[in-house]
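Novice: Take a look at target00.cif, mmCIF, C-alpha atoms and all ligand atoms:
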```cif
data_final
loop_
_atom_site.group_PDB
_atom_site.id
_atom_site.type_symbol
_atom_site.label_atom_id
_atom_site.label_comp_id
_atom_site.auth_asym_id
_atom_site.auth_seq_id
_atom_site.Cartn_x
_atom_site.Cartn_y
_atom_site.Cartn_z
ATOM 1 C CA MET J 1 0.000 0.000 0.000
ATOM 2 C CA ALA J 2 1.278 3.455 -0.890
ATOM 3 C CA VAL J 3 2.436 6.194 1.431
ATOM 4 C CA TYR J 4 -0.221 8.799 2.153
ATOM 5 C CA ASN J 5 1.269 12.280 1.892
ATOM 6 C CA VAL J 6 -0.902 14.401 4.151
ATOM 7 C CA PRO J 7 -1.684 17.849 2.709
ATOM 8 C CA SER J 8 0.140 20.797 4.281
ATOM 9 C CA GLY J 9 -1.871 22.686 6.874
ATOM 10 C CA VAL J 10 -2.984 19.595 8.780
ATOM 11 C CA SER J 11 -2.105 20.196 12.420
ATOM 12 C CA ASN J 12 -4.593 18.003 14.286
ATOM 13 C CA ILE J 13 -5.103 14.253 14.032
ATOM 14 C CA LEU J 14 -8.260 12.505 15.188
ATOM 15 C CA VAL J 15 -7.913 8.767 15.692
ATOM 16 C CA ASP J 16 -10.424 5.936 16.033
ATOM 17 C CA ILE J 17 -9.598 2.961 18.279
ATOM 18 C CA GLU J 18 -11.215 -0.377 17.312
ATOM 19 C CA GLY J 19 -9.843 -1.451 13.917
ATOM 20 C CA THR J 20 -7.431 1.513 13.798
ATOM 21 C CA THR J 21 -5.084 1.668 16.816
ATOM 22 C CA THR J 22 -6.312 -1.630 18.224
ATOM 23 C CA PRO J 23 -7.275 -5.020 16.765
ATOM 24 C CA ILE J 24 -10.998 -5.698 16.521
ATOM 25 C CA THR J 25 -10.244 -9.093 18.102
ATOM 26 C CA PHE J 26 -9.158 -7.374 21.340
ATOM 27 C CA VAL J 27 -12.587 -5.755 21.606
ATOM 28 C CA LYS J 28 -14.570 -8.826 20.478
ATOM 29 C CA ASP J 29 -12.558 -11.547 22.234
ATOM 30 C CA VAL J 30 -11.385 -9.802 25.416
ATOM 31 C CA LEU J 31 -13.371 -6.667 26.290
ATOM 32 C CA PHE J 32 -16.863 -7.778 25.301
ATOM 33 C CA PRO J 33 -16.670 -11.286 26.816
ATOM 34 C CA PHE J 34 -15.563 -9.647 30.094
ATOM 35 C CA ILE J 35 -18.845 -7.717 30.141
ATOM 36 C CA LYS J 36 -20.950 -10.760 29.230
ATOM 37 C CA ASP J 37 -19.270 -12.933 31.875
ATOM 38 C CA ASN J 38 -19.414 -10.370 34.686
ATOM 39 C CA ILE J 39 -22.536 -8.306 34.125
ATOM 40 C CA LYS J 40 -24.797 -10.030 36.648
ATOM 41 C CA LYS J 41 -22.179 -10.080 39.426
ATOM 42 C CA TYR J 42 -21.349 -6.401 38.742
ATOM 43 C CA LEU J 43 -25.008 -5.364 38.931
ATOM 44 C CA ILE J 44 -25.534 -7.148 42.239
ATOM 45 C CA GLU J 45 -22.355 -5.719 43.795
ATOM 46 C CA HIS J 46 -22.814 -2.118 42.568
ATOM 47 C CA TRP J 47 -26.598 -1.849 42.742
ATOM 48 C CA LYS J 48 -26.637 0.735 45.556
ATOM 49 C CA GLU J 49 -23.980 3.042 44.066
ATOM 50 C CA ASN J 50 -25.025 6.392 42.584
ATOM 51 C CA GLU J 51 -22.868 5.919 39.495
ATOM 52 C CA PHE J 52 -24.524 2.578 38.776
ATOM 53 C CA GLN J 53 -28.039 3.949 39.361
ATOM 54 C CA GLU J 54 -27.229 6.714 36.849
ATOM 55 C CA ASP J 55 -26.091 4.036 34.361
ATOM 56 C CA VAL J 56 -29.396 2.162 34.822
ATOM 57 C CA ALA J 57 -31.382 5.384 34.361
ATOM 58 C CA GLN J 58 -29.555 6.004 31.044
ATOM 59 C CA LEU J 59 -30.123 2.401 29.898
ATOM 60 C CA ARG J 60 -33.824 2.712 30.756
ATOM 61 C CA LYS J 61 -34.107 5.938 28.713
ATOM 62 C CA GLN J 62 -32.358 4.233 25.793
ATOM 63 C CA ALA J 63 -34.712 1.239 26.104
ATOM 64 C CA GLU J 64 -37.699 3.584 25.781
ATOM 65 C CA LYS J 65 -36.242 4.931 22.497
ATOM 66 C CA ASP J 66 -35.567 1.363 21.303
ATOM 67 C CA SER J 67 -39.102 0.035 21.773
ATOM 68 C CA HIS J 68 -39.656 -0.201 17.990
ATOM 69 C CA LEU J 69 -36.605 -2.448 17.481
ATOM 70 C CA HIS J 70 -36.832 -6.216 17.047
ATOM 71 C CA GLY J 71 -36.077 -8.125 20.265
ATOM 72 C CA PHE J 72 -35.752 -5.023 22.462
ATOM 73 C CA VAL J 73 -35.755 -5.511 26.234
ATOM 74 C CA PRO J 74 -37.584 -2.924 28.400
ATOM 75 C CA ILE J 75 -36.159 -1.994 31.818
ATOM 76 C CA PRO J 76 -38.977 -1.598 34.377
ATOM 77 C CA SER J 77 -38.913 1.147 37.021
ATOM 78 C CA HIS J 78 -37.502 0.288 40.419
ATOM 79 C CA VAL J 79 -40.353 1.203 42.753
ATOM 80 C CA SER J 80 -39.576 -0.958 45.796
ATOM 81 C CA GLU J 81 -36.902 -3.361 47.059
ATOM 82 C CA ASN J 82 -39.077 -6.244 45.777
ATOM 83 C CA ASP J 83 -38.348 -5.062 42.218
ATOM 84 C CA THR J 84 -34.548 -5.317 42.496
ATOM 85 C CA GLU J 85 -34.163 -8.835 41.149
ATOM 86 C CA LYS J 86 -36.565 -8.203 38.262
ATOM 87 C CA VAL J 87 -34.792 -4.968 37.273
ATOM 88 C CA ILE J 88 -31.334 -6.559 37.497
ATOM 89 C CA GLN J 89 -32.460 -9.372 35.197
ATOM 90 C CA ALA J 90 -33.923 -6.861 32.731
ATOM 91 C CA VAL J 91 -30.669 -4.851 32.701
ATOM 92 C CA VAL J 92 -28.654 -8.041 32.072
ATOM 93 C CA GLU J 93 -30.915 -9.001 29.162
ATOM 94 C CA ASN J 94 -30.980 -5.461 27.770
ATOM 95 C CA VAL J 95 -27.167 -5.240 27.794
ATOM 96 C CA GLN J 96 -26.863 -8.697 26.196
ATOM 97 C CA TRP J 97 -29.369 -7.713 23.521
ATOM 98 C CA GLN J 98 -27.577 -4.435 22.737
ATOM 99 C CA MET J 99 -24.220 -6.192 22.588
ATOM 100 C CA SER J 100 -25.536 -8.939 20.312
ATOM 101 C CA SER J 101 -25.816 -6.351 17.537
ATOM 102 C CA ASP J 102 -22.751 -4.307 18.649
ATOM 103 C CA ARG J 103 -24.834 -1.236 19.368
ATOM 104 C CA LYS J 104 -22.883 1.935 20.136
ATOM 105 C CA THR J 105 -25.360 3.670 22.427
ATOM 106 C CA THR J 106 -23.880 6.105 24.922
ATOM 107 C CA ALA J 107 -25.740 4.351 27.763
ATOM 108 C CA LEU J 108 -24.213 0.945 26.968
ATOM 109 C CA LYS J 109 -20.727 2.408 26.455
ATOM 110 C CA GLN J 110 -20.823 4.273 29.796
ATOM 111 C CA LEU J 111 -21.688 1.083 31.694
ATOM 112 C CA GLN J 112 -19.016 -0.929 29.856
ATOM 113 C CA GLY J 113 -16.374 1.684 30.736
ATOM 114 C CA HIS J 114 -17.307 1.478 34.412
ATOM 115 C CA MET J 115 -17.185 -2.313 34.359
ATOM 116 C CA TRP J 116 -13.713 -2.490 32.746
ATOM 117 C CA ARG J 117 -12.202 -0.187 35.410
ATOM 118 C CA SER J 118 -11.331 -2.925 37.903
ATOM 119 C CA ALA J 119 -10.185 -5.397 35.198
ATOM 120 C CA TYR J 120 -7.591 -2.914 33.910
ATOM 121 C CA ALA J 121 -6.565 -1.697 37.366
ATOM 122 C CA THR J 122 -5.868 -5.248 38.563
ATOM 123 C CA GLY J 123 -3.965 -6.206 35.379
ATOM 124 C CA GLN J 124 -6.604 -8.741 34.304
ATOM 125 C CA ILE J 125 -6.884 -6.803 31.017
ATOM 126 C CA LYS J 126 -4.230 -4.774 29.182
ATOM 127 C CA GLY J 127 -5.113 -2.535 26.221
ATOM 128 C CA GLU J 128 -3.800 -3.794 22.886
ATOM 129 C CA VAL J 129 -2.229 -1.331 20.469
ATOM 130 C CA TYR J 130 -0.716 -2.152 17.061
ATOM 131 C CA LYS J 131 3.109 -1.982 17.052
ATOM 132 C CA ASP J 132 3.279 0.851 14.504
ATOM 133 C CA VAL J 133 1.034 3.171 16.526
ATOM 134 C CA VAL J 134 3.287 4.469 19.313
ATOM 135 C CA PRO J 135 6.406 5.214 17.180
ATOM 136 C CA ALA J 136 4.305 7.039 14.559
ATOM 137 C CA VAL J 137 2.332 9.006 17.105
ATOM 138 C CA GLN J 138 5.538 10.004 18.900
ATOM 139 C CA GLN J 139 6.953 11.293 15.593
ATOM 140 C CA TRP J 140 3.790 13.235 14.868
ATOM 141 C CA LYS J 141 3.926 14.781 18.343
ATOM 142 C CA ASN J 142 7.552 15.796 17.664
ATOM 143 C CA LEU J 143 6.331 17.572 14.525
ATOM 144 C CA GLY J 144 3.968 19.591 16.735
ATOM 145 C CA MET J 145 0.742 17.754 15.815
ATOM 146 C CA LYS J 146 -2.142 17.621 18.268
ATOM 147 C CA LEU J 147 -3.581 14.148 18.750
ATOM 148 C CA TYR J 148 -7.163 13.336 19.750
ATOM 149 C CA ILE J 149 -9.045 10.087 20.165
ATOM 150 C CA TYR J 150 -12.618 9.707 18.887
ATOM 151 C CA SER J 151 -14.245 6.378 19.685
ATOM 152 C CA SER J 152 -17.692 5.010 20.410
ATOM 153 C CA GLY J 153 -16.112 3.642 23.589
ATOM 154 C CA SER J 154 -16.663 6.097 26.466
ATOM 155 C CA VAL J 155 -13.880 8.553 27.327
ATOM 156 C CA GLU J 156 -13.279 6.556 30.493
ATOM 157 C CA ALA J 157 -12.966 3.302 28.494
ATOM 158 C CA GLN J 158 -10.525 5.002 26.104
ATOM 159 C CA LYS J 159 -8.366 6.243 28.977
ATOM 160 C CA LEU J 160 -8.318 2.776 30.535
ATOM 161 C CA LEU J 161 -7.262 1.135 27.251
ATOM 162 C CA PHE J 162 -4.367 3.545 26.662
ATOM 163 C CA GLY J 163 -3.531 4.123 30.326
ATOM 164 C CA TYR J 164 -3.145 0.383 30.988
ATOM 165 C CA SER J 165 -1.812 -0.689 27.589
ATOM 166 C CA ILE J 166 0.640 -3.447 26.672
ATOM 167 C CA GLU J 167 3.049 -0.567 25.923
ATOM 168 C CA GLY J 168 2.538 1.103 29.305
ATOM 169 C CA ASP J 169 0.734 4.344 30.043
ATOM 170 C CA LEU J 170 0.209 6.094 26.687
ATOM 171 C CA LEU J 171 -2.154 8.810 27.866
ATOM 172 C CA LYS J 172 0.471 11.548 27.604
ATOM 173 C CA LEU J 173 0.449 11.080 23.807
ATOM 174 C CA PHE J 174 -3.070 12.449 23.516
ATOM 175 C CA ASP J 175 -4.329 16.005 23.779
ATOM 176 C CA GLY J 176 -7.940 14.991 24.353
ATOM 177 C CA HIS J 177 -10.658 12.369 23.991
ATOM 178 C CA PHE J 178 -14.113 12.371 22.388
ATOM 179 C CA ASP J 179 -16.915 9.825 22.616
ATOM 180 C CA THR J 180 -20.535 9.678 21.443
ATOM 181 C CA THR J 181 -21.537 12.461 23.835
ATOM 182 C CA VAL J 182 -20.201 14.771 21.092
ATOM 183 C CA GLY J 183 -22.407 12.963 18.541
ATOM 184 C CA HIS J 184 -22.366 9.614 16.752
ATOM 185 C CA LYS J 185 -19.444 8.751 14.542
ATOM 186 C CA VAL J 186 -21.528 8.276 11.406
ATOM 187 C CA GLU J 187 -22.943 11.815 11.618
ATOM 188 C CA SER J 188 -21.018 14.636 10.020
ATOM 189 C CA GLU J 189 -22.223 17.129 12.659
ATOM 190 C CA SER J 190 -20.097 15.260 15.237
ATOM 191 C CA TYR J 191 -16.898 16.120 13.353
ATOM 192 C CA LYS J 192 -17.920 19.787 13.144
ATOM 193 C CA ASN J 193 -18.504 19.721 16.918
ATOM 194 C CA ILE J 194 -15.042 18.256 17.461
ATOM 195 C CA ALA J 195 -13.444 20.858 15.181
ATOM 196 C CA ASP J 196 -15.155 23.569 17.263
ATOM 197 C CA ARG J 197 -14.112 21.957 20.529
ATOM 198 C CA VAL J 198 -10.432 21.700 19.548
ATOM 199 C CA GLY J 199 -10.493 25.159 17.965
ATOM 200 C CA CYS J 200 -9.214 24.003 14.578
ATOM 201 C CA PRO J 201 -10.792 24.394 11.117
ATOM 202 C CA SER J 202 -12.047 21.058 9.705
ATOM 203 C CA GLU J 203 -9.646 21.245 6.757
ATOM 204 C CA ASN J 204 -6.702 21.165 9.158
ATOM 205 C CA ILE J 205 -7.795 17.895 10.771
ATOM 206 C CA LEU J 206 -6.933 14.384 9.591
ATOM 207 C CA PHE J 207 -9.252 11.546 10.701
ATOM 208 C CA LEU J 208 -8.056 7.938 10.775
ATOM 209 C CA THR J 209 -10.693 5.213 10.884
ATOM 210 C CA ASP J 210 -11.519 1.713 9.652
ATOM 211 C CA VAL J 211 -15.249 2.377 9.153
ATOM 212 C CA VAL J 212 -16.395 3.676 5.776
ATOM 213 C CA ARG J 213 -19.556 5.382 7.096
ATOM 214 C CA GLU J 214 -17.444 7.292 9.611
ATOM 215 C CA ALA J 215 -15.004 8.233 6.841
ATOM 216 C CA HIS J 216 -17.845 9.655 4.715
ATOM 217 C CA ALA J 217 -19.271 11.617 7.662
ATOM 218 C CA ALA J 218 -15.889 13.163 8.455
ATOM 219 C CA LYS J 219 -15.194 13.949 4.790
ATOM 220 C CA LYS J 220 -18.592 15.653 4.510
ATOM 221 C CA ALA J 221 -17.626 17.845 7.482
ATOM 222 C CA GLY J 222 -14.479 18.896 5.599
ATOM 223 C CA LEU J 223 -11.854 16.746 7.362
ATOM 224 C CA HIS J 224 -9.123 14.845 5.540
ATOM 225 C CA VAL J 225 -9.585 11.112 5.962
ATOM 226 C CA ALA J 226 -7.470 7.973 5.615
ATOM 227 C CA LEU J 227 -9.017 4.523 5.902
ATOM 228 C CA VAL J 228 -6.943 2.195 8.049
ATOM 229 C CA VAL J 229 -6.843 -1.378 6.766
ATOM 230 C CA ARG J 230 -5.983 -3.902 9.483
ATOM 231 C CA PRO J 231 -6.299 -7.701 9.638
ATOM 232 C CA GLY J 232 -9.875 -8.666 10.454
ATOM 233 C CA ASN J 233 -11.376 -5.274 9.535
ATOM 234 C CA GLU J 234 -14.478 -5.233 7.378
ATOM 235 C CA ALA J 235 -13.671 -5.658 3.682
ATOM 236 C CA LEU J 236 -13.725 -2.522 1.520
ATOM 237 C CA THR J 237 -15.462 -2.279 -1.835
ATOM 238 C CA ASP J 238 -13.660 -0.998 -4.934
ATOM 239 C CA GLU J 239 -15.659 2.192 -4.542
ATOM 240 C CA ASP J 240 -14.467 2.654 -0.928
ATOM 241 C CA LYS J 241 -10.908 2.090 -2.072
ATOM 242 C CA SER J 242 -11.219 4.748 -4.740
ATOM 243 C CA ASN J 243 -12.927 7.259 -2.428
ATOM 244 C CA PHE J 244 -10.281 7.324 0.323
ATOM 245 C CA HIS J 245 -6.562 7.115 0.962
ATOM 246 C CA LEU J 246 -5.736 3.693 2.402
ATOM 247 C CA VAL J 247 -2.995 2.764 4.881
ATOM 248 C CA THR J 248 -2.183 -0.547 6.515
ATOM 249 C CA SER J 249 0.155 0.966 9.098
ATOM 250 C CA PHE J 250 0.571 4.391 10.708
ATOM 251 C CA ASP J 251 4.123 4.657 9.339
ATOM 252 C CA GLN J 252 2.621 5.053 5.841
ATOM 253 C CA ILE J 253 1.204 8.427 6.902
ATOM 254 C CA HIS J 254 3.710 11.166 6.053
ATOM 255 C CA PHE J 255 3.493 14.845 6.891
ATOM 256 C CA PRO J 256 5.138 17.542 4.701
ATOM 257 C CA SER J 257 7.982 18.106 7.205
ATOM 258 C CA GLN J 258 8.800 14.347 7.048
ATOM 259 C CA GLN J 259 8.826 14.121 3.229
HETATM 260 C C1 LIG K 1 -12.291 2.064 23.628
HETATM 261 S S1 LIG K 1 -13.553 1.176 24.351
HETATM 262 C C2 LIG K 1 -13.671 -0.384 23.609
HETATM 263 C C3 LIG K 1 -14.156 -0.405 22.250
HETATM 264 C C4 LIG K 1 -15.603 -0.131 22.091
HETATM 265 O O1 LIG K 1 -16.418 -0.403 22.956
HETATM 266 C C5 LIG K 1 -16.024 0.460 20.859
HETATM 267 O O2 LIG K 1 -17.218 0.632 20.653
HETATM 268 C C6 LIG K 1 -15.005 0.889 19.880
HETATM 269 O O3 LIG K 1 -15.511 1.631 18.848
HETATM 270 P P1 LIG K 1 -14.586 2.511 17.895
HETATM 271 O O4 LIG K 1 -15.406 3.732 17.669
HETATM 272 O O5 LIG K 1 -13.282 2.777 18.574
HETATM 273 O O6 LIG K 1 -14.403 1.729 16.631
HETATM 274 MG MG MG K 2 -13.222 1.655 14.495
#
```
Translate this structure into structure tokens?
Ligand SMILES: CSCCC(=O)C(=O)COP(=O)(O)O
Ligand SMILES: [Mg+2]
Specialist:
Amino acid sequence: MAVYNVPSGVSNILVDIEGTTTPITFVKDVLFPFIKDNIKKYLIEHWKENEFQEDVAQLRKQAEKDSHLHGFVPIPSHVSENDTEKVIQAVVENVQWQMSSDRKTTALKQLQGHMWRSAYATGQIKGEVYKDVVPAVQQWKNLGMKLYIYSSGSVEAQKLLFGYSIEGDLLKLFDGHFDTTVGHKVESESYKNIADRVGCPSENILFLTDVVREAHAAKKAGLHVALVVRPGNEALTDEDKSNFHLVTSFDQIHFPSQQ
């Protein structure tokens, strides 16, 4: 795959996680099974905590919006102590249902981030990052680039993945983090919001992602985009390949001062 020569003027880089910095298999085979295996125990242990009650309230609101979807699971109100078991079971089933179709709702992602906290802190899970990521990002930082993460995973989940990574604490590499609270990744408005938040015109931002719909949304907002092709990522059509610059490794991304 060819080198991508980034146009001059780009000073900010926005980076996706799953399929871009990190193998999809890490998310599907490590992070998600942890949630499925531990959800019930977590709900019972954290039921009385304010943070958890807020998570349930958000899941319930999402469930109300989802009532038209096939197989959706409602979460009943918790009126008395007698309801606890019934509500816990509904939350378990709702989370399992959302995860079965890899939904990216903010409510689900917030709960997942909270659940992964102890697994990372105790070393049970370490965030995977492709080998080419850290050296390239360090070079880009040396060139004066600002680096931001934009993932459907909550900001807390992002910080856990990079803070407890197989390459150590990588958080100092990033200037900020965005999740779906800024808008969904397939909507072009989200990229305009990010450009506003970082105080940089869209045309000076490069977005790196594996997902074609995200690439189109960012392009529509005026960002430069490169599609990252990693093992196990979804296959691209010929049209996708002709619409975007493609890279298989971050070291194929060259800035004018490196050329
Ligand atoms: C960084 S949290 C774990 C991954 C995750 O839950 C997710 O939804 C990743 O989506 P992305 O936008 O990074 O492709
Ligand atoms: Mg991705």
Novice: Once you count only C-alpha atoms and all ligand atoms, which residues end up within 7 Å of ligand MG 2 (chain K), and could you hand them over as a list in words?
Specialist: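 Protein and nucleic-acid residues within 7 Å of ligand MG 2 (chain K): Asp16, Ile17, Glu18, Gly19, Thr20, Thr209, Asp210 and Val211 of chain J.
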Novice: Could you pull out the residues sitting within 10 Å of ligand LIG 1 (chain K), using all atoms listed in the file, and write them as a PyMOL selection string?
Specialist: chain J and resi 15-24+26-28+30-32+99+102-106+108-110+112-113+116+127+149-162+178-180+184-186+209-211+214
Novice: Taking only C-alpha atoms into account, name the residue in J:Val133, J:Ile35, J:Leu147, J:Leu171 that is nearest to Arg117 of chain J.
Specialist: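 Nearest candidate to Arg117 of chain J out of J:Val133, J:Ile35, J:Leu147, J:Leu171: J:Ile35.
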Novice: Given the file above and the PyMOL selection byres (((chain J and resi 60) around 10) and not hetatm), which residues are selected, and can you give them as a PyMOL selection string?
Specialist: chain J and resi 54-59+61-66+73-77+90-91+94+107
Novice: For this structure, which residues satisfy the selection - the PyMOL selection byres (((chain J and resi 173) around 12) and not hetatm) - when it is evaluated on the file as given? I want them as a VMD selection string.
Specialist: chain J and resid 13 15 133 to 142 144 to 149 159 162 to 163 168 to 172 174 to 177
Novice: Which is closest to Leu208 of chain J among J:Ser242, J:Ile88, J:Ile166, J:Ile253, if we use all atoms listed in the file?
Specialist: J:Ile253
